[in-house]
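Below: upload38.tsv (TSV, C-alpha atoms)
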chain	number	residue	atom	x	y	z
A	93	MET	CA	13.72	17.13	12.98
A	94	ASP	CA	11.23	18.61	10.56
A	95	ALA	CA	11.19	18.20	6.80
A	96	ARG	CA	12.02	21.28	4.74
A	97	LEU	CA	8.78	20.80	2.79
A	98	ASN	CA	5.56	19.06	3.74
A	99	LEU	CA	5.27	16.77	0.74
A	100	MET	CA	1.94	15.41	1.97
A	101	ALA	CA	0.29	18.86	2.05
A	102	ASN	CA	1.80	20.53	-1.01
A	103	PRO	CA	-0.47	20.28	-4.10
A	104	VAL	CA	2.43	20.19	-6.58
A	105	ALA	CA	4.16	17.45	-4.58
A	106	GLY	CA	0.85	15.57	-4.39
A	107	LYS	CA	0.42	15.58	-8.16
A	108	PHE	CA	4.05	14.67	-8.78
A	109	LEU	CA	4.12	11.85	-6.26
A	110	LYS	CA	0.81	10.49	-7.54
A	111	TYR	CA	2.48	9.74	-10.87
A	112	VAL	CA	5.61	8.34	-9.25
A	113	ASN	CA	3.42	6.09	-7.09
A	114	SER	CA	1.58	4.91	-10.22
A	115	ALA	CA	4.90	3.94	-11.78
A	116	GLY	CA	5.86	2.17	-8.56
A	117	LYS	CA	2.59	0.22	-8.61
A	118	VAL	CA	3.32	-1.07	-12.12
A	119	LEU	CA	6.69	-2.31	-10.87
A	120	SER	CA	5.38	-3.83	-7.63
A	121	ASP	CA	2.73	-5.70	-9.63
A	122	SER	CA	5.36	-7.16	-11.97
A	123	THR	CA	6.74	-10.70	-11.83
A	124	LEU	CA	9.98	-9.49	-10.25
A	125	PRO	CA	9.95	-11.33	-6.89
A	126	ALA	CA	8.65	-9.18	-4.04
A	127	ALA	CA	11.60	-10.09	-1.81
A	128	THR	CA	14.01	-8.94	-4.51
A	129	GLN	CA	12.09	-5.69	-4.87
A	130	GLU	CA	12.43	-4.91	-1.17
A	131	LEU	CA	16.13	-5.81	-1.11
A	132	VAL	CA	16.74	-3.51	-4.08
A	133	LYS	CA	14.83	-0.62	-2.50
A	134	LEU	CA	16.63	-1.11	0.81
A	135	ARG	CA	20.11	-1.28	-0.74
A	136	ALA	CA	19.67	1.81	-2.93
A	137	SER	CA	18.28	3.70	0.06
A	138	GLN	CA	21.29	2.73	2.18
A	139	ILE	CA	23.71	3.87	-0.51
A	140	ASN	CA	21.89	7.19	-0.92
A	141	GLY	CA	21.69	7.81	2.83
A	142	CYS	CA	17.90	8.06	2.74
A	143	GLY	CA	16.81	7.35	6.29
A	144	PHE	CA	13.11	7.60	5.48
A	145	CYS	CA	13.27	4.99	2.69
A	146	THR	CA	15.67	2.75	4.64
A	147	ASP	CA	13.19	2.78	7.53
A	148	MET	CA	10.22	2.17	5.23
A	149	HIS	CA	11.66	-0.65	3.17
A	150	SER	CA	13.26	-2.53	6.04
A	151	LYS	CA	9.91	-2.45	7.89
A	152	ASP	CA	7.92	-3.37	4.77
A	153	ALA	CA	10.27	-6.27	4.06
A	154	GLU	CA	10.04	-7.51	7.64
A	155	ALA	CA	6.24	-7.23	7.57
A	156	ALA	CA	6.25	-9.29	4.36
A	157	GLY	CA	8.20	-12.05	6.11
A	158	GLU	CA	11.81	-11.16	5.31
A	159	SER	CA	14.25	-12.40	7.94
A	160	THR	CA	16.04	-10.00	10.26
A	161	GLN	CA	19.32	-11.66	9.37
A	162	ARG	CA	18.96	-10.93	5.65
A	163	LEU	CA	17.86	-7.34	6.32
A	164	HIS	CA	20.90	-6.74	8.50
A	165	LEU	CA	23.20	-8.19	5.84
A	166	VAL	CA	21.92	-6.22	2.81
A	167	ALA	CA	24.63	-3.57	3.33
A	168	ALA	CA	27.28	-6.32	3.23
A	169	TRP	CA	25.62	-8.64	0.72
A	170	ARG	CA	28.87	-9.59	-1.05
A	171	GLU	CA	30.19	-11.25	2.11
A	172	ALA	CA	26.86	-12.81	3.11
A	173	THR	CA	25.77	-16.33	2.25
A	174	VAL	CA	22.04	-15.71	2.71
A	175	PHE	CA	21.23	-14.29	-0.74
A	176	THR	CA	20.48	-16.26	-3.89
A	177	GLU	CA	22.51	-15.79	-7.07
A	178	ALA	CA	19.56	-13.95	-8.60
A	179	GLU	CA	19.29	-11.60	-5.60
A	180	ARG	CA	23.03	-10.98	-5.72
A	181	ALA	CA	22.76	-10.07	-9.40
A	182	ALA	CA	19.91	-7.66	-8.62
A	183	LEU	CA	21.87	-6.09	-5.76
A	184	GLU	CA	24.93	-5.64	-8.00
A	185	LEU	CA	22.81	-3.99	-10.69
A	186	THR	CA	21.24	-1.80	-8.00
A	187	GLU	CA	24.61	-0.67	-6.70
A	188	GLN	CA	25.98	0.10	-10.15
A	189	GLY	CA	22.76	1.79	-11.25
A	190	THR	CA	22.69	3.89	-8.10
A	191	ARG	CA	26.36	4.85	-8.21
A	192	ILE	CA	26.42	5.88	-11.87
A	193	ALA	CA	28.62	8.90	-11.18
A	194	ASP	CA	31.21	6.71	-9.46
A	195	ALA	CA	31.89	4.58	-12.55
A	196	ALA	CA	33.16	5.98	-15.82
A	197	GLY	CA	31.15	3.51	-17.88
A	198	GLY	CA	27.98	3.32	-15.80
A	199	VAL	CA	26.58	-0.19	-15.41
A	200	THR	CA	29.03	-2.83	-16.62
A	201	ASP	CA	28.20	-5.41	-19.27
A	202	ALA	CA	29.11	-8.11	-16.75
A	203	ALA	CA	26.56	-6.85	-14.20
A	204	TRP	CA	23.89	-6.63	-16.90
A	205	ALA	CA	24.68	-10.12	-18.24
A	206	GLU	CA	24.49	-11.63	-14.76
A	207	ALA	CA	21.11	-10.01	-14.10
A	208	ALA	CA	19.87	-11.13	-17.53
A	209	ARG	CA	20.92	-14.70	-16.66
A	210	HIS	CA	18.42	-14.71	-13.76
A	211	TYR	CA	15.56	-12.49	-14.90
A	212	ASP	CA	13.42	-12.47	-18.03
A	213	GLU	CA	12.90	-9.30	-20.08
A	214	ASP	CA	9.83	-8.17	-18.14
A	215	GLN	CA	11.59	-8.73	-14.82
A	216	LEU	CA	14.69	-6.88	-16.06
A	217	THR	CA	12.49	-4.00	-17.15
A	218	ALA	CA	10.87	-3.95	-13.71
A	219	LEU	CA	14.28	-4.11	-12.05
A	220	VAL	CA	15.61	-1.15	-14.05
A	221	GLY	CA	12.43	0.81	-13.36
A	222	LEU	CA	12.57	-0.04	-9.66
A	223	ILE	CA	16.18	1.11	-9.38
A	224	ALA	CA	15.24	4.38	-11.08
A	225	VAL	CA	12.12	4.98	-8.98
A	226	ILE	CA	13.75	4.25	-5.62
A	227	ASN	CA	16.64	6.54	-6.53
A	228	LEU	CA	14.10	9.27	-7.35
A	229	TYR	CA	12.36	8.80	-3.99
A	230	ASN	CA	15.70	8.75	-2.17
A	231	ARG	CA	16.70	12.04	-3.73
A	232	VAL	CA	13.40	13.75	-2.94
A	233	ASN	CA	13.52	12.60	0.68
A	234	VAL	CA	17.19	13.48	1.19
A	235	ILE	CA	16.75	16.95	-0.36
A	236	VAL	CA	13.78	17.80	1.87
A	237	ARG	CA	15.30	16.01	4.90
A	238	GLN	CA	12.29	13.77	5.39
A	239	PRO	CA	12.59	12.44	8.97
A	240	ALA	CA	12.93	8.70	9.51
A	241	GLY	CA	11.67	6.34	12.16
A	242	ASP	CA	7.91	6.83	12.31
A	243	TYR	CA	6.91	4.77	9.26
A	244	GLN	CA	4.44	1.96	9.86
A	245	PRO	CA	3.94	-0.76	7.20
A	246	GLY	CA	0.90	-0.04	5.07
A	247	MET	CA	0.49	3.58	6.14
A	248	PHE	CA	0.53	4.79	2.54
A	249	ASP	CA	-1.75	2.09	1.13

Please, can you express the file's structure as structure tokens?
Amino acid sequence: MDARLNLMANPVAGKFLKYVNSAGKVLSDSTLPAATQELVKLRASQINGCGFCTDMHSKDAEAAGESTQRLHLVAAWREATVFTEAERAALELTEQGTRIADAAGGVTDAAWAEAARHYDEDQLTALVGLIAVINLYNRVNVIVRQPAGDYQPGMFD
């Protein structure tokens, strides 16, 4: 399978993705726990059917020490006992923020309040930004049919 566009070679894509990557760096450098960040990126990517990002973020999380068990259970986090209350709140916010079109009111007050119970304002800001950025990446990769499976942790560092 070949991508519809070569995002790595296209100058417009290069400029665009440079700015998106800069935004992502601000978020990854935030105080939002790194494990939570990877879980959020993985869950949104699963929902959006982005194979490239699902591959990338499961491998990055594993390379950072995340357990295989937790990675396998992200898709079924509500029934899993391996996530903290804070992680569960972040995953709920991720799902609601990713599935905006599926809910008449968008993100519920209850989901927001639960996330706010576990994260300070800077972390909440990073969480919202992270949900937005990963959804952007998912959409770009799904639209161009970016192939999945060849990602190696650190290859874009």

Residues near A:Gly246, anyone? I mean within 12 Å using all atoms listed in the file, not counting same-chain ones fewer than 6 positions away, as a ChimeraX atom specification. /A:148-149,151-153,155-156

What's around A:Arg180 at 9 Å? Count all atoms listed in the file, leave out sequence neighbours fewer than 5 positions away in its own chain, and write the answer as a VMD selection string. chain A and resid 169 to 170 175 185 207

Tell me, as number ranges by chain, which residues lie within 12 Å of A:Ile192, counting all atoms listed in the file; anything in the same chain fewer than 6 positions away does not count. A: 136, 139-140, 185-186, 198-200, 223-224, 227

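The gap separating atom CA of A:Leu97 from atom CA of A:Phe248 is 18.0 Å, in Å to one decimal.
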
Quick one: residues within 10 Å of A:Asp147, all atoms listed in the file, excluding same-chain residues fewer than 6 positions away - as a PyMOL selection string? chain A and resi 134+137-138+239-245

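Using all atoms listed in the file for every distance, the candidate list A:Leu222, A:Val236, A:Leu228, A:Val166 yields A:Leu222 as the residue closest to A:Gly116.
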
Using all atoms of stretch 233-249 of chain A that appear in the file, construct an axis-aligned enclosing box with 6 Å of padding on every side and provide its centre coordinates and edge lengths in Å, rounded to one decimal, as AutoDock Vina command-line options.
--center_x 7.7 --center_y 8.5 --center_z 6.0 --size_x 30.9 --size_y 30.6 --size_z 24.7

Identify, on the basis of all atoms listed in the file, every residue whose closest approach to A:Val174 does not exceed 8 Å; exclude the query and any residue fewer than 2 positions from it along the same chain; express the result as a PyMOL selection string. chain A and resi 162+172+176

For atom CA of A:Leu163 and atom CA of A:Ser150, determine how far apart the two atoms are, in Å to one decimal place.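 Between atom CA of A:Leu163 and atom CA of A:Ser150 the gap is 6.7 Å.
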
With the input short on atoms, add N, CA, C and O atoms back to stretch 110-121 of chain A and write it as a CSV table (one decimal), in the frame of the given file.
chain,number,residue,atom,x,y,z
A,110,LYS,N,1.9,11.4,-7.0
A,110,LYS,CA,0.8,10.5,-7.5
A,110,LYS,C,1.3,9.7,-8.8
A,110,LYS,O,1.1,8.5,-8.9
A,111,TYR,N,2.0,10.4,-9.7
A,111,TYR,CA,2.5,9.7,-10.9
A,111,TYR,C,3.6,8.8,-10.6
A,111,TYR,O,3.7,7.7,-11.1
A,112,VAL,N,4.5,9.2,-9.7
A,112,VAL,CA,5.6,8.3,-9.2
A,112,VAL,C,5.0,7.1,-8.6
A,112,VAL,O,5.5,6.0,-8.9
A,113,ASN,N,4.1,7.2,-7.7
A,113,ASN,CA,3.4,6.1,-7.1
A,113,ASN,C,2.8,5.2,-8.1
A,113,ASN,O,2.8,3.9,-8.0
A,114,SER,N,2.2,5.7,-9.2
A,114,SER,CA,1.6,4.9,-10.2
A,114,SER,C,2.7,4.1,-10.9
A,114,SER,O,2.4,2.9,-11.2
A,115,ALA,N,3.8,4.7,-11.2
A,115,ALA,CA,4.9,3.9,-11.8
A,115,ALA,C,5.4,2.8,-10.8
A,115,ALA,O,5.6,1.7,-11.2
A,116,GLY,N,5.5,3.2,-9.5
A,116,GLY,CA,5.9,2.2,-8.6
A,116,GLY,C,4.9,1.0,-8.5
A,116,GLY,O,5.3,-0.1,-8.3
A,117,LYS,N,3.6,1.3,-8.6
A,117,LYS,CA,2.6,0.2,-8.6
A,117,LYS,C,2.8,-0.8,-9.8
A,117,LYS,O,2.6,-2.0,-9.6
A,118,VAL,N,3.1,-0.2,-11.0
A,118,VAL,CA,3.3,-1.1,-12.1
A,118,VAL,C,4.5,-2.0,-11.8
A,118,VAL,O,4.4,-3.2,-12.1
A,119,LEU,N,5.5,-1.5,-11.2
A,119,LEU,CA,6.7,-2.3,-10.9
A,119,LEU,C,6.4,-3.3,-9.8
A,119,LEU,O,6.8,-4.5,-9.9
A,120,SER,N,5.7,-2.9,-8.7
A,120,SER,CA,5.4,-3.8,-7.6
A,120,SER,C,4.4,-5.0,-8.1
A,120,SER,O,4.5,-6.1,-7.5
A,121,ASP,N,3.6,-4.7,-9.1
A,121,ASP,CA,2.7,-5.7,-9.6
A,121,ASP,C,3.4,-6.6,-10.7
A,121,ASP,O,2.8,-7.5,-11.2
